[in-house]
Amino acid sequence: MHPFGLTLSIDSNRVAAICEEEWQSFLEDMDIAPVPERQDLRGFFLNWVAVFLPDAFPTSLQGEMSAWMAPRLHTRDSTWGYVRPPLIGSTLFALTGDSGWLQVQFDNFADGGSQVRSFFHRSLALVAPRITFDSELLRRLDFGMKHVYFFMDIPLALYAVSKGDPNEKLESLKRWQTGFMNSPEKEAVAGYLNGRLVANPLQHWISEKMSYVALRVACFPVATPAIAGLPLGIAISPVWERMQQHPLFSSHIKLVREAVDETPPGETS
């Protein structure tokens, strides 16, 4: 039984068409500076579809986005160009499992500008449970913690829900606890170490962006097999369950103490 007591379906053809529309609109805003909010909303929509509705994502569009993204992985210019690709990189990572598409976020994980850095961190929210903090990414997180950057509770949340050895995470948290921290980070570190629920600093941002997704995706009742000769779309129940299981859609986060295999079907860890 669906949680809403109804049998619903998402029109995958419509979602695919919306993805095409959102991508073209995203490209049309490339020359606007600073980056308009609508461009971030469109990037988030594409990222959401890639994470929760990958079967509806057009293969041809994935190829087009890959060709656009590839030359931007290692660029940083003065026209806001380097802050535009992150959500597209997260989209491609969600579709392929190739962490190379996240290079922009990883390279700028310890960026000195708090607002820009925070956006890079937020752009990883939907794919955070699939990310592994390797030694270099952990070094950049460590740099931000030691230099008492603002908004570090966000990358701490990403770290808490990411793939990896829980014991190694606990050791990192203990190391950071010995240094000076701002109040949000201090409370988060203590909470993770003590096994408490920690307020999710990304929930408001995700909820705001999900309002846009809700406006762009339409659900409709599925007709009975006698009426519908073909499936009308993708059943909404699995999509709803994926969103419910995503740790950053919850109001609070708890550091898992035992290793859990978070590898999506079809990917290798």
# chains A, B, ... in the order shown; residues from 1 in each chain; ligands from 1
>>> residues_around(residues="stretch 21-36 of chain A", least_positions_apart="2", cutoff="10 Å", atoms="only C-alpha atoms", output="list of chain:residue names")
A:Val15, A:Ala16, A:Ala17, A:Ile18, A:Cys19, A:Arg38, A:Gln39, A:Asp40, A:Leu41, A:Arg42, A:Gly43, A:Phe44, A:Phe45, A:Leu46, A:Leu61, A:Glu64, A:Met65, A:Trp68, A:Thr79, A:Trp80, A:Gly81, A:Val83, A:Arg84, A:Ile88, A:Arg216
>>> select_by_dssp(residues="stretch 9-244 of chain A", states="helix (DSSP H, G or I)", output="MDAnalysis selection string")
chainID A and resid 12:28 37:52 54:56 59:72 81:83 86:96 99:107 114:122 128:130 135:146 153:161 166:177 183:193 203:216 236:244
>>> write_last_selection(atoms="C-alpha atoms", output="compact mmCIF listing (two decimals), in the first residue's frame")
# COMPACT_ATOMS: atom_id res chain seq x y z
CA SER A 12 8.57 9.53 -16.84
CA ASN A 13 8.18 11.01 -20.32
CA ARG A 14 7.10 14.30 -18.83
CA VAL A 15 10.00 14.25 -16.37
CA ALA A 16 12.42 13.59 -19.23
CA ALA A 17 10.96 16.53 -21.14
CA ILE A 18 11.25 18.76 -18.06
CA CYS A 19 14.91 17.77 -17.72
CA GLU A 20 15.52 18.89 -21.29
CA GLU A 21 13.73 22.18 -20.62
CA GLU A 22 15.60 22.80 -17.37
CA TRP A 23 18.95 22.12 -19.01
CA GLN A 24 18.31 24.52 -21.87
CA SER A 25 17.16 27.19 -19.41
CA PHE A 26 20.24 26.54 -17.29
CA LEU A 27 22.46 27.19 -20.31
CA GLU A 28 20.59 30.38 -21.22
CA GLU A 37 18.83 31.68 -8.08
CA ARG A 38 16.80 30.09 -10.87
CA GLN A 39 19.95 28.52 -12.30
CA ASP A 40 20.64 26.83 -8.98
CA LEU A 41 17.03 25.62 -8.83
CA ARG A 42 17.34 24.08 -12.28
CA GLY A 43 20.61 22.42 -11.37
CA PHE A 44 19.01 21.02 -8.23
CA PHE A 45 16.06 19.67 -10.20
CA LEU A 46 18.39 17.80 -12.56
CA ASN A 47 20.36 16.48 -9.58
CA TRP A 48 17.16 15.33 -7.86
CA VAL A 49 15.99 13.41 -10.91
CA ALA A 50 19.42 11.79 -11.30
CA VAL A 51 19.39 10.64 -7.66
CA PHE A 52 15.78 9.60 -7.16
CA PRO A 54 17.43 7.99 -12.74
CA ASP A 55 15.34 5.85 -15.10
CA ALA A 56 13.58 9.01 -16.28
CA THR A 59 20.50 9.30 -21.94
CA SER A 60 21.09 11.82 -24.70
CA LEU A 61 20.93 14.65 -22.17
CA GLN A 62 23.47 12.91 -19.96
CA GLY A 63 25.87 12.85 -22.90
CA GLU A 64 25.27 16.52 -23.66
CA MET A 65 25.82 17.51 -20.05
CA SER A 66 29.00 15.42 -19.86
CA ALA A 67 30.42 17.18 -22.90
CA TRP A 68 29.60 20.56 -21.33
CA MET A 69 30.99 19.65 -17.91
CA ALA A 70 34.28 18.00 -18.89
CA PRO A 71 36.23 21.17 -19.79
CA ARG A 72 34.94 22.93 -16.66
CA GLY A 81 32.02 30.34 -14.02
CA TYR A 82 33.46 28.02 -11.41
CA VAL A 83 30.37 28.19 -9.18
CA PRO A 86 28.75 21.89 -9.14
CA LEU A 87 25.12 20.74 -9.30
CA ILE A 88 25.67 19.46 -12.83
CA GLY A 89 28.69 17.54 -11.58
CA SER A 90 26.58 16.05 -8.80
CA THR A 91 23.97 15.09 -11.39
CA LEU A 92 26.52 13.26 -13.52
CA PHE A 93 28.03 11.57 -10.47
CA ALA A 94 24.59 10.31 -9.45
CA LEU A 95 24.07 8.87 -12.93
CA THR A 96 27.51 7.32 -13.38
CA SER A 99 33.53 10.80 -8.53
CA GLY A 100 35.60 12.66 -11.11
CA TRP A 101 32.48 14.68 -11.88
CA LEU A 102 32.71 16.15 -8.36
CA GLN A 103 36.16 17.62 -8.92
CA VAL A 104 34.92 21.22 -8.77
CA GLN A 105 33.45 20.69 -5.30
CA PHE A 106 36.44 18.72 -4.09
CA ASP A 107 38.96 21.30 -5.36
CA SER A 114 32.31 31.31 3.24
CA GLN A 115 29.28 31.81 0.97
CA VAL A 116 30.87 30.24 -2.09
CA ARG A 117 32.35 27.40 -0.04
CA SER A 118 28.98 26.75 1.56
CA PHE A 119 27.36 26.46 -1.86
CA PHE A 120 29.95 23.90 -2.95
CA HIS A 121 29.15 21.91 0.18
CA ARG A 122 25.38 22.17 -0.32
CA ALA A 128 26.49 12.70 0.11
CA PRO A 129 25.59 9.10 1.09
CA ARG A 130 27.48 7.89 -2.00
CA SER A 135 42.67 11.42 2.35
CA GLU A 136 42.74 14.60 0.23
CA LEU A 137 39.10 15.52 0.80
CA LEU A 138 39.48 14.77 4.51
CA ARG A 139 42.56 17.01 4.58
CA ARG A 140 40.49 19.88 3.20
CA LEU A 141 37.75 19.28 5.73
CA ASP A 142 40.42 19.21 8.43
CA PHE A 143 41.80 22.52 7.12
CA GLY A 144 38.40 24.18 7.43
CA MET A 145 37.91 22.86 10.94
CA LYS A 146 41.35 23.99 12.12
CA ASP A 153 28.42 22.11 10.36
CA ILE A 154 27.34 21.50 6.75
CA PRO A 155 30.44 19.54 5.63
CA LEU A 156 30.35 17.78 8.99
CA ALA A 157 26.85 16.57 8.08
CA LEU A 158 28.12 15.42 4.67
CA TYR A 159 30.94 13.58 6.40
CA ALA A 160 28.61 11.95 8.91
CA VAL A 161 26.35 10.42 6.23
CA PRO A 166 32.70 4.81 11.25
CA ASN A 167 35.72 4.34 13.52
CA GLU A 168 37.84 6.58 11.31
CA LYS A 169 35.10 9.19 11.42
CA LEU A 170 35.03 9.02 15.20
CA GLU A 171 38.79 9.51 15.35
CA SER A 172 38.52 12.60 13.14
CA LEU A 173 35.73 14.01 15.29
CA LYS A 174 37.77 13.45 18.45
CA ARG A 175 40.70 15.28 16.88
CA TRP A 176 38.55 18.28 15.98
CA GLN A 177 36.99 18.33 19.43
CA SER A 183 29.04 26.87 18.49
CA PRO A 184 27.23 25.02 15.63
CA GLU A 185 30.30 22.90 14.89
CA LYS A 186 30.99 22.28 18.57
CA GLU A 187 27.44 21.03 19.14
CA ALA A 188 27.53 18.87 16.00
CA VAL A 189 30.85 17.22 16.84
CA ALA A 190 29.76 16.50 20.41
CA GLY A 191 26.47 15.08 19.18
CA TYR A 192 28.06 12.76 16.64
CA LEU A 193 30.61 11.54 19.17
CA GLN A 203 17.15 20.49 5.76
CA HIS A 204 15.96 24.05 5.11
CA TRP A 205 18.04 24.34 1.93
CA ILE A 206 16.80 20.99 0.63
CA SER A 207 13.18 21.80 1.52
CA GLU A 208 13.39 25.12 -0.29
CA LYS A 209 14.74 23.47 -3.44
CA MET A 210 12.20 20.65 -3.17
CA SER A 211 9.43 23.23 -3.41
CA TYR A 212 10.65 23.93 -6.92
CA VAL A 213 10.84 20.21 -7.74
CA ALA A 214 7.26 19.80 -6.54
CA LEU A 215 6.12 22.53 -8.90
CA ARG A 216 7.79 20.82 -11.85
CA ILE A 236 5.94 6.91 -7.02
CA SER A 237 6.26 4.57 -4.02
CA PRO A 238 9.92 3.58 -4.65
CA VAL A 239 10.81 7.23 -5.28
CA TRP A 240 9.12 8.27 -2.04
CA GLU A 241 10.95 5.52 -0.15
CA ARG A 242 14.32 6.59 -1.57
CA MET A 243 13.69 10.13 -0.38
CA GLN A 244 12.58 8.93 3.05
>>> closest_residue(among="A:Phe180, A:His147, A:Ala235, A:Leu255", to="A:Arg196", atoms="only C-alpha atoms")
A:Leu255
>>> closest_residue(among="A:Phe151, A:Ile234, A:Leu73, A:Leu126", to="A:Phe57", atoms="only C-alpha atoms")
A:Ile234
>>> closest_residue(among="A:Ser162, A:Asn182, A:Ser251, A:Thr7", to="A:Tyr149", atoms="only C-alpha atoms")
A:Asn182
>>> decode(residues="stretch 248-260 of chain A", atoms="N, CA and C atoms", output="CSV table (one decimal), in the first residue's frame")
chain,number,residue,atom,x,y,z
A,248,LEU,N,19.8,13.1,4.7
A,248,LEU,CA,19.7,14.5,4.8
A,248,LEU,C,18.4,15.1,4.5
A,249,PHE,N,17.4,14.2,4.3
A,249,PHE,CA,16.0,14.7,4.2
A,249,PHE,C,15.3,14.7,5.6
A,250,SER,N,16.1,14.2,6.6
A,250,SER,CA,15.6,14.2,8.0
A,250,SER,C,16.0,15.5,8.7
A,251,SER,N,15.2,15.8,9.8
A,251,SER,CA,15.5,17.0,10.6
A,251,SER,C,16.8,16.8,11.4
A,252,HIS,N,17.2,15.6,11.7
A,252,HIS,CA,18.4,15.3,12.5
A,252,HIS,C,19.2,14.2,11.9
A,253,ILE,N,20.5,14.2,12.3
A,253,ILE,CA,21.4,13.2,11.7
A,253,ILE,C,22.1,12.5,12.9
A,254,LYS,N,22.3,11.2,12.7
A,254,LYS,CA,23.0,10.4,13.7
A,254,LYS,C,24.1,9.7,13.0
A,255,LEU,N,25.3,9.7,13.5
A,255,LEU,CA,26.5,9.0,13.0
A,255,LEU,C,26.3,7.5,13.1
A,256,VAL,N,26.3,6.8,12.1
A,256,VAL,CA,26.1,5.3,12.1
A,256,VAL,C,27.4,4.8,12.7
A,257,ARG,N,27.3,3.9,13.7
A,257,ARG,CA,28.5,3.3,14.3
A,257,ARG,C,29.0,2.0,13.7
A,258,GLU,N,28.2,1.4,12.8
A,258,GLU,CA,28.7,0.2,12.1
A,258,GLU,C,28.7,0.5,10.6
A,259,ALA,N,29.6,-0.1,9.9
A,259,ALA,CA,29.7,0.1,8.5
A,259,ALA,C,28.5,-0.4,7.8
A,260,VAL,N,27.9,0.4,6.9
A,260,VAL,CA,26.8,0.0,6.1
A,260,VAL,C,27.1,0.2,4.6
